[in-house]
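Worksheet for the structure shown next.
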Amino acid sequence: GLHYIGPLQNITNRTYSYDNQPAFTPDGRSLLYTTEYGYGDRVQTEIHRFYLSSRRETRITRTDQSEFSPTPAPGDRAFSTIRVEADSTQRIWRFTMQGMDGEVLFRNLTNVGYHAWGNETTLLLYVLGSPPTVRIADLTTGQIEVVAGGVGRSLHKIPNRNAWSFVERVSADEAWINEVNI
């Protein structure tokens, strides 16, 4: 079916805040996003949920660390996020939709910047480094495989396909949109 987009609306209406990285929930009734709290040296981000029909906003996470890139987990009433821990380590975590029961998914994998779910057990990860890499991570086996280096930050599950897409820079003036099967 076709979807029509109406006029744009600012759902947060905050003048001096960081509200970013929205992701629709699988039922399409709400969206998750990152918002910033604090000022100066004590700034951190938390995950919020906005309910489209009631236009109600609720804060989901309440932690001492910053969370970014909320992404609904398939087949689960949960979401994953990139958490910047107290020592500045970036790992991927999973929480319930109520922000409870936080757990790190790959304890030995650090510097995760972005992620995309493929199915209930498999993720595509953008890992910071020189060069940055795209990796496939399997929750069942704990295996993590480097797919490509010199990549961009845009990782996506391809709709109606068992595949992801990502951008790989092959030279200073050439980049490719790549597909990898899940």
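Simple scheme: letters A, B, ... for chains in structure tokens order, numbers from 1 for residues in each chain, numbers from 1 for ligands in the order shown.
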
request  = For Ile47 of chain A, work out the shell of residues within 9 Å, counting only C-alpha atoms and skipping chain neighbours fewer than 3 positions away, then give it as a count of residues only.
outcome  = 17

Close residues, segment 105-107 of chain A itself excluded, 9 Å, only C-alpha atoms, min 5 positions apart in chain, as a count of residues only = 8

Once you count only C-alpha atoms, what closest atom pair and distance in Å to one decimal does each residue of segment 79-139 of chain A within 12 Å of segment 17-24 of chain A have, with rows by chain and rising residue number, as a Markdown table?
| residue | atom | partner | partner_atom | distance |
| --- | --- | --- | --- | --- |
| A:Phe79 | CA | A:Ala23 | CA | 10.2 |
| A:Ser80 | CA | A:Ala23 | CA | 11.1 |
| A:Thr81 | CA | A:Gln21 | CA | 10.6 |
| A:Ile82 | CA | A:Gln21 | CA | 11.4 |
| A:Tyr114 | CA | A:Gln21 | CA | 10.5 |
| A:His115 | CA | A:Gln21 | CA | 11.9 |
| A:Ala116 | CA | A:Ala23 | CA | 11.1 |

Hey, can you spit out that residue selection with C-alpha atoms as a PDB file, in the first residue's frame?
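Everything below was put into again_0.pdb:
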ATOM      1  CA  PHE A  79      15.032  -2.231  21.851  1.00  0.00           C
ATOM      2  CA  SER A  80      18.770  -2.014  21.482  1.00  0.00           C
ATOM      3  CA  THR A  81      20.899   1.064  21.875  1.00  0.00           C
ATOM      4  CA  ILE A  82      24.506   2.170  21.784  1.00  0.00           C
ATOM      5  CA  TYR A 114      25.635   2.123  14.872  1.00  0.00           C
ATOM      6  CA  HIS A 115      23.681  -1.073  14.336  1.00  0.00           C
ATOM      7  CA  ALA A 116      20.846  -2.710  12.404  1.00  0.00           C
TER       8      ALA A 116
END

key: Closest of A:Pro7, A:Pro132, A:Gly150, A:Gly28 to Asn111 of chain A - atom-to-atom distances counting only C-alpha atoms   = A:Pro132

message = Given only C-alpha atoms as the basis, pick out the residue of A:Ser54, A:Thr140, A:Asn108, A:Ser88 nearest to Glu120 of chain A.
response =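 Of the candidates, the smallest distance to Glu120 of chain A is held by A:Thr140.
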
message = Between A:Val151, A:Pro74, A:Arg42, A:Val167, which residue has the minimum interatomic distance to Thr122 of chain A, considering only C-alpha atoms?
response = A:Pro74

ask   = Taking only C-alpha atoms into account, which of A:Pro159, A:Gly102, A:Gly129, A:Pro26 comes nearest Asp76 of chain A?
value = A:Pro26

Long-range neighbours of Ile11 of chain A as number ranges by chain, 10 Å cut-off, only C-alpha atoms, 5 positions minimum in chain = A: 19, 50, 52, 55-57
